[in-house]
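Raw contents of coords.tsv, TSV, C-alpha atoms and all ligand atoms:
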```
chain	number	residue	atom	x	y	z
A	1	MET	CA	54.32	-14.86	78.37
A	2	ASN	CA	51.64	-12.49	79.64
A	3	PRO	CA	48.87	-14.69	81.23
A	4	LEU	CA	46.07	-12.89	79.33
A	5	ARG	CA	47.86	-13.54	76.04
A	6	SER	CA	48.30	-17.23	76.96
A	7	LEU	CA	44.58	-17.49	77.76
A	8	ILE	CA	43.58	-15.89	74.47
A	9	LEU	CA	45.96	-18.07	72.48
A	10	ALA	CA	44.55	-21.17	74.19
A	11	ALA	CA	41.14	-20.06	72.90
A	12	ALA	CA	42.47	-20.16	69.31
A	13	GLY	CA	41.95	-23.93	69.29
A	14	ASN	CA	38.51	-23.93	70.93
A	15	GLU	CA	35.87	-24.64	68.27
A	16	ALA	CA	32.82	-23.99	70.48
A	17	LEU	CA	34.21	-20.63	71.46
A	18	GLY	CA	34.90	-19.96	67.79
A	19	ARG	CA	31.23	-20.47	66.97
A	20	ALA	CA	30.21	-18.18	69.85
A	21	VAL	CA	32.57	-15.44	68.69
A	22	ALA	CA	31.45	-15.79	65.06
A	23	ALA	CA	27.85	-15.18	66.13
A	24	LEU	CA	28.62	-11.84	67.84
A	25	PRO	CA	27.49	-8.78	65.86
A	26	ALA	CA	30.77	-7.00	66.67
A	27	THR	CA	32.78	-9.79	65.07
A	28	ARG	CA	32.09	-9.02	61.40
A	29	GLY	CA	33.81	-5.61	61.49
A	30	ILE	CA	36.89	-7.02	63.15
A	31	VAL	CA	37.07	-9.95	60.73
A	32	ASP	CA	36.76	-7.57	57.76
A	33	ARG	CA	39.67	-5.56	59.02
A	34	PHE	CA	42.05	-8.53	59.06
A	35	VAL	CA	40.63	-10.92	56.44
A	36	ALA	CA	40.10	-10.28	52.69
A	37	GLY	CA	36.82	-12.22	52.50
A	38	GLU	CA	35.76	-15.83	52.18
A	39	THR	CA	36.20	-16.61	48.47
A	40	VAL	CA	38.97	-16.76	45.89
A	41	ALA	CA	37.29	-13.85	44.09
A	42	ASP	CA	37.33	-11.75	47.31
A	43	ALA	CA	41.01	-12.54	47.78
A	44	VAL	CA	41.98	-11.58	44.23
A	45	THR	CA	40.01	-8.33	44.40
A	46	ALA	CA	41.71	-7.32	47.68
A	47	ALA	CA	45.14	-8.32	46.33
A	48	ALA	CA	44.65	-6.25	43.17
A	49	ARG	CA	43.80	-3.21	45.32
A	50	LEU	CA	47.00	-3.60	47.34
A	51	VAL	CA	49.07	-4.04	44.17
A	52	ASP	CA	47.53	-0.82	42.81
A	53	ASP	CA	48.86	0.88	45.93
A	54	GLY	CA	52.42	-0.24	45.12
A	55	LEU	CA	52.47	-3.18	47.54
A	56	PHE	CA	53.35	-6.84	47.10
A	57	VAL	CA	51.08	-9.56	48.50
A	58	THR	CA	51.24	-13.06	49.91
A	59	LEU	CA	47.83	-14.76	49.97
A	60	ASP	CA	46.92	-17.31	52.63
A	61	TYR	CA	43.91	-19.62	52.41
A	62	LEU	CA	42.86	-19.85	56.05
A	63	GLY	CA	42.71	-23.21	57.77
A	64	GLU	CA	45.05	-25.24	59.94
A	65	ASN	CA	45.43	-28.55	61.76
A	66	THR	CA	43.49	-30.50	59.16
A	67	GLY	CA	42.65	-34.01	60.37
A	68	GLN	CA	41.26	-35.31	57.07
A	69	ALA	CA	42.98	-36.01	53.76
A	70	ALA	CA	39.88	-34.81	51.87
A	71	GLN	CA	40.01	-31.45	53.63
A	72	ALA	CA	43.73	-31.17	52.82
A	73	ASP	CA	42.90	-31.90	49.17
A	74	HIS	CA	40.20	-29.21	49.21
A	75	THR	CA	42.79	-26.73	50.48
A	76	VAL	CA	45.20	-27.65	47.68
A	77	ARG	CA	42.45	-27.28	45.07
A	78	THR	CA	41.57	-23.85	46.44
A	79	TYR	CA	45.20	-22.77	46.09
A	80	LEU	CA	45.25	-24.09	42.51
A	81	ALA	CA	42.08	-22.17	41.67
A	82	LEU	CA	43.58	-19.08	43.29
A	83	LEU	CA	46.81	-19.35	41.28
A	84	ASP	CA	44.81	-19.83	38.10
A	85	ARG	CA	42.79	-16.72	38.84
A	86	LEU	CA	45.94	-14.70	39.59
A	87	ARG	CA	47.28	-15.68	36.18
A	88	GLY	CA	44.06	-14.47	34.56
A	89	GLU	CA	44.33	-11.14	36.36
A	90	GLY	CA	48.02	-10.68	35.51
A	91	LEU	CA	49.00	-10.37	39.17
A	92	SER	CA	51.74	-12.99	39.39
A	93	ALA	CA	54.63	-10.53	39.42
A	94	ARG	CA	53.56	-9.11	42.78
A	95	VAL	CA	51.41	-11.78	44.38
A	96	GLU	CA	52.58	-15.09	45.85
A	97	VAL	CA	50.98	-17.58	48.26
A	98	SER	CA	51.68	-18.64	51.84
A	99	VAL	CA	50.82	-22.19	52.88
A	100	LYS	CA	50.43	-23.78	56.32
A	101	LEU	CA	51.58	-27.39	56.10
A	102	SER	CA	49.09	-28.39	58.81
A	103	ALA	CA	46.33	-27.28	56.41
A	104	VAL	CA	47.56	-29.70	53.75
A	105	GLY	CA	47.95	-32.78	55.93
A	106	GLN	CA	51.10	-32.43	58.08
A	107	LEU	CA	49.37	-33.77	61.19
A	108	LEU	CA	48.25	-36.87	59.29
A	109	ASP	CA	51.48	-37.62	57.50
A	110	GLU	CA	54.50	-35.50	56.56
A	111	LYS	CA	54.72	-37.17	53.15
A	112	LEU	CA	51.10	-36.19	52.39
A	113	ALA	CA	51.90	-32.57	53.30
A	114	LEU	CA	55.01	-32.66	51.11
A	115	ASP	CA	53.04	-34.06	48.15
A	116	ASN	CA	50.29	-31.50	48.59
A	117	ALA	CA	52.74	-28.60	48.94
A	118	TRP	CA	54.46	-29.98	45.82
A	119	ARG	CA	51.24	-29.60	43.81
A	120	ILE	CA	50.95	-25.97	44.90
A	121	CYS	CA	54.61	-25.22	44.11
A	122	ALA	CA	54.33	-26.82	40.66
A	123	ALA	CA	51.33	-24.58	39.87
A	124	ALA	CA	53.15	-21.52	41.23
A	125	GLU	CA	56.10	-22.30	38.97
A	126	GLN	CA	53.77	-22.33	35.94
A	127	LEU	CA	52.57	-18.91	36.99
A	128	GLY	CA	56.07	-17.58	37.65
A	129	THR	CA	55.41	-16.78	41.28
A	130	THR	CA	56.64	-18.10	44.64
A	131	VAL	CA	55.36	-20.00	47.68
A	132	THR	CA	56.26	-19.46	51.34
A	133	LEU	CA	55.64	-22.14	53.98
A	134	ASP	CA	54.28	-20.54	57.16
A	135	MET	CA	55.72	-21.77	60.46
A	136	GLU	CA	53.36	-23.10	63.12
A	137	ASP	CA	53.95	-24.26	66.72
A	138	HIS	CA	57.35	-25.63	67.73
A	139	ARG	CA	56.26	-29.28	67.51
A	140	THR	CA	56.10	-28.85	63.73
A	141	THR	CA	59.35	-26.92	63.22
A	142	ASP	CA	61.60	-29.87	62.30
A	143	SER	CA	59.00	-31.37	59.98
A	144	THR	CA	58.35	-28.03	58.25
A	145	LEU	CA	62.07	-27.39	57.74
A	146	ARG	CA	62.46	-30.90	56.30
A	147	VAL	CA	59.64	-30.30	53.81
A	148	LEU	CA	61.10	-26.89	52.96
A	149	SER	CA	64.49	-28.41	52.26
A	150	GLU	CA	62.94	-31.12	50.06
A	151	LEU	CA	60.92	-28.57	48.04
A	152	ARG	CA	63.94	-26.28	47.65
A	153	ARG	CA	65.86	-29.08	45.91
A	154	THR	CA	63.46	-28.57	42.97
A	155	TRP	CA	62.40	-24.96	43.54
A	156	PRO	CA	65.07	-22.94	45.40
A	157	TRP	CA	62.61	-20.03	45.57
A	158	VAL	CA	60.28	-21.78	48.04
A	159	GLY	CA	60.40	-19.61	51.15
A	160	GLY	CA	60.34	-20.54	54.82
A	161	VAL	CA	59.61	-18.78	58.10
A	162	LEU	CA	61.72	-18.56	61.25
A	163	GLN	CA	60.34	-17.40	64.60
A	164	ALA	CA	62.71	-15.25	66.66
A	165	TYR	CA	61.11	-16.34	69.95
A	166	LEU	CA	62.38	-19.92	69.51
A	167	LYS	CA	65.77	-20.46	71.12
A	168	ARG	CA	66.84	-22.71	68.23
A	169	THR	CA	66.27	-20.05	65.56
A	170	GLU	CA	69.73	-18.46	65.44
A	171	SER	CA	71.16	-21.82	64.49
A	172	ASP	CA	68.37	-22.45	61.92
A	173	ALA	CA	68.96	-18.96	60.47
A	174	ALA	CA	72.65	-19.70	59.99
A	175	GLY	CA	71.78	-22.85	58.04
A	176	LEU	CA	69.24	-21.06	55.85
A	177	ALA	CA	71.15	-17.84	55.06
A	178	VAL	CA	72.29	-19.33	51.75
A	179	ALA	CA	71.96	-18.33	48.09
A	180	ASP	CA	68.37	-17.98	46.77
A	181	SER	CA	66.94	-18.76	50.22
A	182	ARG	CA	63.85	-16.68	50.97
A	183	ILE	CA	63.37	-16.54	54.73
A	184	ARG	CA	60.63	-14.64	56.52
A	185	LEU	CA	61.67	-13.66	60.05
A	186	CYS	CA	58.83	-13.04	62.50
A	187	LYS	CA	58.62	-12.84	66.30
A	188	GLY	CA	56.34	-15.91	66.57
A	189	ALA	CA	52.61	-16.11	67.29
A	190	TYR	CA	51.99	-19.31	69.29
A	191	ALA	CA	51.89	-20.04	73.04
A	192	GLU	CA	55.20	-21.86	73.54
A	193	PRO	CA	56.77	-23.36	76.69
A	194	PRO	CA	59.76	-21.57	78.27
A	195	GLU	CA	62.05	-24.53	77.54
A	196	VAL	CA	61.91	-23.73	73.82
A	197	ALA	CA	60.98	-20.04	73.56
A	198	TYR	CA	61.89	-16.70	75.10
A	199	ALA	CA	58.92	-15.45	77.11
A	200	ASP	CA	60.10	-11.89	77.64
A	201	GLY	CA	59.27	-9.45	74.83
A	202	HIS	CA	62.62	-7.66	75.13
A	203	GLU	CA	64.49	-10.96	74.82
A	204	VAL	CA	62.44	-11.78	71.70
A	205	ASP	CA	63.34	-8.38	70.19
A	206	LEU	CA	67.04	-8.95	70.88
A	207	ALA	CA	66.81	-12.42	69.33
A	208	TYR	CA	65.04	-10.92	66.31
A	209	VAL	CA	67.93	-8.51	65.71
A	210	ARG	CA	70.53	-11.27	66.13
A	211	CYS	CA	68.68	-13.44	63.57
A	212	ALA	CA	68.24	-10.47	61.21
A	213	ASN	CA	72.01	-9.89	61.31
A	214	ILE	CA	72.60	-13.54	60.40
A	215	LEU	CA	70.16	-13.37	57.46
A	216	LEU	CA	71.45	-10.00	56.23
A	217	GLY	CA	75.06	-11.20	56.49
A	218	GLY	CA	74.29	-14.33	54.44
A	219	SER	CA	73.51	-14.63	50.74
A	220	GLY	CA	69.76	-15.29	50.88
A	221	TYR	CA	66.77	-12.95	50.65
A	222	PRO	CA	65.52	-11.87	54.11
A	223	MET	CA	61.84	-10.99	54.54
A	224	PHE	CA	61.27	-9.03	57.75
A	225	ALA	CA	57.74	-9.64	59.02
A	226	THR	CA	57.07	-7.17	61.81
A	227	HIS	CA	55.01	-4.08	62.59
A	228	ASP	CA	57.29	-3.05	65.43
A	229	PRO	CA	58.41	0.55	64.72
A	230	ARG	CA	61.64	0.18	66.69
A	231	LEU	CA	62.60	-3.01	64.88
A	232	ILE	CA	61.76	-1.49	61.48
A	233	THR	CA	64.18	1.38	62.16
A	234	ILE	CA	66.91	-1.01	63.32
A	235	LEU	CA	66.35	-3.32	60.33
A	236	GLY	CA	66.75	-0.41	57.88
A	237	GLU	CA	70.04	0.54	59.56
A	238	ARG	CA	71.31	-3.04	59.64
A	239	ALA	CA	70.38	-3.57	55.96
A	240	ARG	CA	72.42	-0.49	54.98
A	241	TRP	CA	75.32	-1.65	57.17
A	242	TYR	CA	75.36	-4.95	55.29
A	243	GLY	CA	75.27	-3.11	51.95
A	244	ARG	CA	71.76	-4.32	51.09
A	245	LYS	CA	69.78	-2.01	48.85
A	246	PRO	CA	65.94	-1.85	48.91
A	247	GLY	CA	64.82	-4.89	46.93
A	248	GLY	CA	67.67	-6.97	48.40
A	249	TYR	CA	65.34	-7.72	51.32
A	250	GLU	CA	61.71	-6.90	52.05
A	251	TYR	CA	59.35	-5.88	54.82
A	252	GLN	CA	56.17	-7.83	55.40
A	253	MET	CA	53.09	-6.83	57.39
A	254	LEU	CA	49.64	-8.25	57.98
A	255	TYR	CA	46.57	-6.98	56.16
A	256	GLY	CA	44.84	-4.44	58.36
A	257	VAL	CA	47.81	-3.77	60.63
A	258	ARG	CA	49.61	-0.40	60.25
A	259	PRO	CA	48.42	0.14	56.65
A	260	ASP	CA	49.81	3.71	56.63
A	261	GLU	CA	53.26	2.43	57.55
A	262	GLN	CA	53.04	-0.16	54.74
A	263	ARG	CA	52.42	2.62	52.23
A	264	ARG	CA	55.03	4.95	53.75
A	265	LEU	CA	57.78	2.36	53.40
A	266	ALA	CA	56.68	1.49	49.84
A	267	ALA	CA	56.73	5.20	48.92
A	268	GLU	CA	60.33	5.33	50.17
A	269	GLY	CA	61.22	2.64	47.63
A	270	GLU	CA	61.18	-0.35	50.00
A	271	THR	CA	59.61	-3.65	48.94
A	272	VAL	CA	56.62	-4.19	51.23
A	273	ARG	CA	54.54	-7.36	51.08
A	274	VAL	CA	51.14	-7.64	52.75
A	275	TYR	CA	50.05	-11.00	54.17
A	276	LEU	CA	46.46	-11.30	53.01
A	277	PRO	CA	44.36	-14.13	54.46
A	278	PHE	CA	41.01	-15.26	53.09
A	279	GLY	CA	38.58	-18.13	53.62
A	280	GLU	CA	35.83	-19.30	55.95
A	281	GLN	CA	38.14	-20.57	58.67
A	282	TRP	CA	39.28	-17.22	60.01
A	283	TYR	CA	38.80	-17.90	63.74
A	284	GLY	CA	42.27	-19.21	64.80
A	285	TYR	CA	43.97	-16.51	62.72
A	286	LEU	CA	41.84	-13.76	64.21
A	287	VAL	CA	42.48	-14.89	67.78
A	288	ARG	CA	46.25	-14.72	67.24
A	289	ARG	CA	45.87	-11.15	65.92
A	290	LEU	CA	43.79	-10.20	68.97
A	291	ALA	CA	46.35	-11.70	71.32
A	292	GLU	CA	48.89	-9.29	69.82
A	293	ARG	CA	46.69	-6.26	70.41
A	294	PRO	CA	44.88	-6.03	73.76
A	295	ALA	CA	42.99	-2.96	72.50
A	296	ASN	CA	40.97	-5.26	70.20
A	297	LEU	CA	39.93	-7.57	72.98
A	298	ALA	CA	36.65	-6.16	74.27
A	299	PHE	CA	34.47	-8.18	71.89
A	300	PHE	CA	36.39	-11.31	72.67
A	301	LEU	CA	35.90	-11.02	76.42
A	302	ARG	CA	32.15	-10.56	75.82
A	303	ALA	CA	32.15	-13.92	74.01
A	304	LEU	CA	33.92	-15.54	76.94
A	305	ALA	CA	31.48	-14.02	79.43
A	306	SER	CA	28.44	-15.21	77.48
A	307	ARG	CA	29.47	-18.88	77.58
A	401	LIG	P1	54.54	-6.70	68.24
A	401	LIG	O1	53.49	-7.72	68.46
A	401	LIG	O2	55.47	-6.39	69.36
A	401	LIG	O3	53.84	-5.39	67.73
A	401	LIG	C1	54.53	-4.19	67.47
A	401	LIG	C2	53.53	-3.08	67.19
A	401	LIG	O4	52.84	-3.38	65.97
A	401	LIG	C3	52.43	-2.95	68.22
A	401	LIG	O5	52.82	-2.14	69.27
A	401	LIG	C4	51.30	-2.36	67.40
A	401	LIG	O6	51.53	-1.00	67.19
A	401	LIG	C5	51.47	-3.05	66.08
A	401	LIG	N1	50.67	-4.30	66.00
A	401	LIG	C6	51.16	-5.57	66.05
A	401	LIG	N2	50.16	-6.48	65.90
A	401	LIG	C7	49.03	-5.77	65.78
A	401	LIG	C8	47.66	-6.16	65.58
A	401	LIG	N3	47.28	-7.44	65.51
A	401	LIG	N4	46.72	-5.17	65.49
A	401	LIG	C9	47.10	-3.87	65.53
A	401	LIG	N5	48.39	-3.45	65.72
A	401	LIG	C10	49.33	-4.38	65.83
A	401	LIG	N6	53.90	-15.94	63.10
A	401	LIG	C11	54.19	-17.26	63.14
A	401	LIG	O7	54.33	-17.84	64.21
A	401	LIG	N7	54.33	-17.96	61.96
A	401	LIG	C12	54.23	-17.35	60.74
A	401	LIG	O8	54.38	-18.02	59.71
A	401	LIG	C13	53.94	-15.96	60.71
A	401	LIG	N8	53.81	-15.29	59.53
A	401	LIG	C14	53.69	-13.92	59.53
A	401	LIG	C15	53.70	-13.21	58.34
A	401	LIG	C16	53.67	-11.83	58.35
A	401	LIG	C17	53.74	-11.09	57.06
A	401	LIG	C18	53.60	-11.13	59.59
A	401	LIG	C19	53.62	-9.63	59.64
A	401	LIG	C20	53.55	-11.82	60.76
A	401	LIG	C21	53.57	-13.21	60.76
A	401	LIG	N9	53.51	-13.93	61.95
A	401	LIG	C22	53.78	-15.28	61.93
A	401	LIG	C23	53.08	-13.25	63.21
A	401	LIG	C24	54.27	-12.77	64.01
A	401	LIG	O9	54.95	-13.88	64.57
A	401	LIG	C25	53.80	-11.85	65.16
A	401	LIG	O10	52.92	-12.54	66.00
A	401	LIG	C26	53.13	-10.58	64.68
A	401	LIG	O11	53.75	-10.07	63.54
A	401	LIG	C27	53.19	-9.48	65.76
A	401	LIG	O12	54.53	-9.19	66.04
A	401	LIG	P2	55.24	-7.79	65.66
A	401	LIG	O13	56.59	-8.15	65.14
A	401	LIG	O14	54.42	-7.02	64.75
A	401	LIG	O15	55.51	-7.09	67.05
```

Please express what this file holds, its structure, as structure tokens.
Amino acid sequence: MNPLRSLILAAAGNEALGRAVAALPATRGIVDRFVAGETVADAVTAAARLVDDGLFVTLDYLGENTGQAAQADHTVRTYLALLDRLRGEGLSARVEVSVKLSAVGQLLDEKLALDNAWRICAAAEQLGTTVTLDMEDHRTTDSTLRVLSELRRTWPWVGGVLQAYLKRTESDAAGLAVADSRIRLCKGAYAEPPEVAYADGHEVDLAYVRCANILLGGSGYPMFATHDPRLITILGERARWYGRKPGGYEYQMLYGVRPDEQRRLAAEGETVRVYLPFGEQWYGYLVRRLAERPANLAFFLRALASR
């Protein structure tokens, strides 16, 4: 991995630096570009706007690595309030939620995370929408896949995420390319050691295409999360080769990243879902977005220099 990217990703877990960055005047504009706002109401307003533009949405309440059961419970309650509000606004056909298990207690106890995710899935079922479990760093992969498998026994529509940069992912993809299985394929956003992950971008791209072939060749529902123009072209070709029509798979992109491309694909009849984060704890999320885009780094380096 590029050393600058590793340095920036290491900063994602640094709380003091987070406070310093949050205090910079330049920060607000960058946060607004990538984050819907801090409240449930902000999130629903932003989601409704995207739906009006013909897009689908997955909403993420920001927060990760919770060390307290009470905080995990607060996160669950926020998701329940969000789902309730989506019902009121009639948005459930196009808006689902994404959940990080570490935000609902995975680091404390896997069973707690399962129970908390269960509460969110039960509420989503009432609303007639779906839930996708985000994937975090490789130390959580087995646990997250176990929780996914448990939830899918009751709700086969619960989605999971696979990261192409992990060397294990082709094998995981083969196991998950089954009927009703909703799998988001992304490159992967964490700083991972070379024993478990490809470090070279080209190798990651090749792995992404291999995994996409496995998902497209199976009987599940692949969700391709990437902004990479080359991959998007290849994915369209591979989908056609496998006889998948638009709607038999979807593209996913982050809020604020390549919005014109999101709308272009939707206008062509593709299903495009925007990952829309909201909440007060935007720092770790923002740092991962900056690590992907060196052009956005100037403000971040100023924060480092001022420490
Ligand atoms: P890449 O980073 O190579 O970017 C390709 C091109 O896209 C760039 O050249 C640029 O044009 C544009 N671009 C990409 N990022 C940009 C940015 N931040 N700002 C501006 N332009 C940008 N990861 C993870 O580990 N677990 C998860 O659960 C998820 N979930 C998830 C959901 C969705 C919907 C998306 C789109 C992504 C994720 N990710 C994720 C993040 C993912 O792993 C990856 O880090 C980013 O998507 C960036 O990778 P790309 O595939 O876009 O390629």

Between A:Ala122, A:Ala179, A:Leu162, A:Cys211, which is the closest to ligand LIG 401 (chain A) once you count all atoms listed in the file?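 The shortest atom-to-atom distance to ligand LIG 401 (chain A) comes from A:Leu162.
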
Interatomic distance (Å, one decimal) between atom CA of A:Val76 and atom CA of A:Gly220: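 Calculated distance between atom CA of A:Val76 and atom CA of A:Gly220 is 27.7 Å.
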
List the neighbours of A:Ala47 out to 8 Å using only C-alpha atoms; skip same-chain residues closer than 5 positions along the sequence, and give me the result as a ChimeraX atom specification. /A:57,59,95,276

Between A:Gly188, A:Arg210, A:Asp260, A:Gly159, which residue has the minimum interatomic distance to A:Asp53, considering all atoms listed in the file?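 The answer is A:Asp260, which sits nearest to A:Asp53.
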
Counting only C-alpha atoms and all ligand atoms, the option among A:Leu55, A:Met135, A:Leu286, A:Ile30 closest to ligand LIG 401 (chain A):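 Of A:Leu55, A:Met135, A:Leu286, A:Ile30, the one nearest ligand LIG 401 (chain A) is A:Met135, counting only C-alpha atoms and all ligand atoms.
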
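Closest approach to A:Leu112 among A:Gly88, A:Gly269, A:Gly67, A:Gly175: A:Gly67, based on all atoms listed in the file.
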
For a quick check of understanding, using all atoms listed in the file, which of A:Glu270, A:Glu261, A:Glu136, A:Glu89 has the smallest distance to ligand LIG 401 (chain A)?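 With all atoms listed in the file as the atom set, the closest residue is A:Glu136.
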
In Å, how far is it from atom CA of A:His227 to atom C2 of ligand LIG 401 (chain A)?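 Atom-to-atom, atom CA of A:His227 and atom C2 of ligand LIG 401 (chain A) are spaced 4.9 Å apart.
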
Show me which residues line ligand LIG 401 (chain A), defined as having an atom within 7 Å of a ligand atom where all atoms listed in the file count, and present them as a ChimeraX atom specification. /A:134-137,161,163,186-190,225-229,252-254,257-258,274-275,289-290,292-293
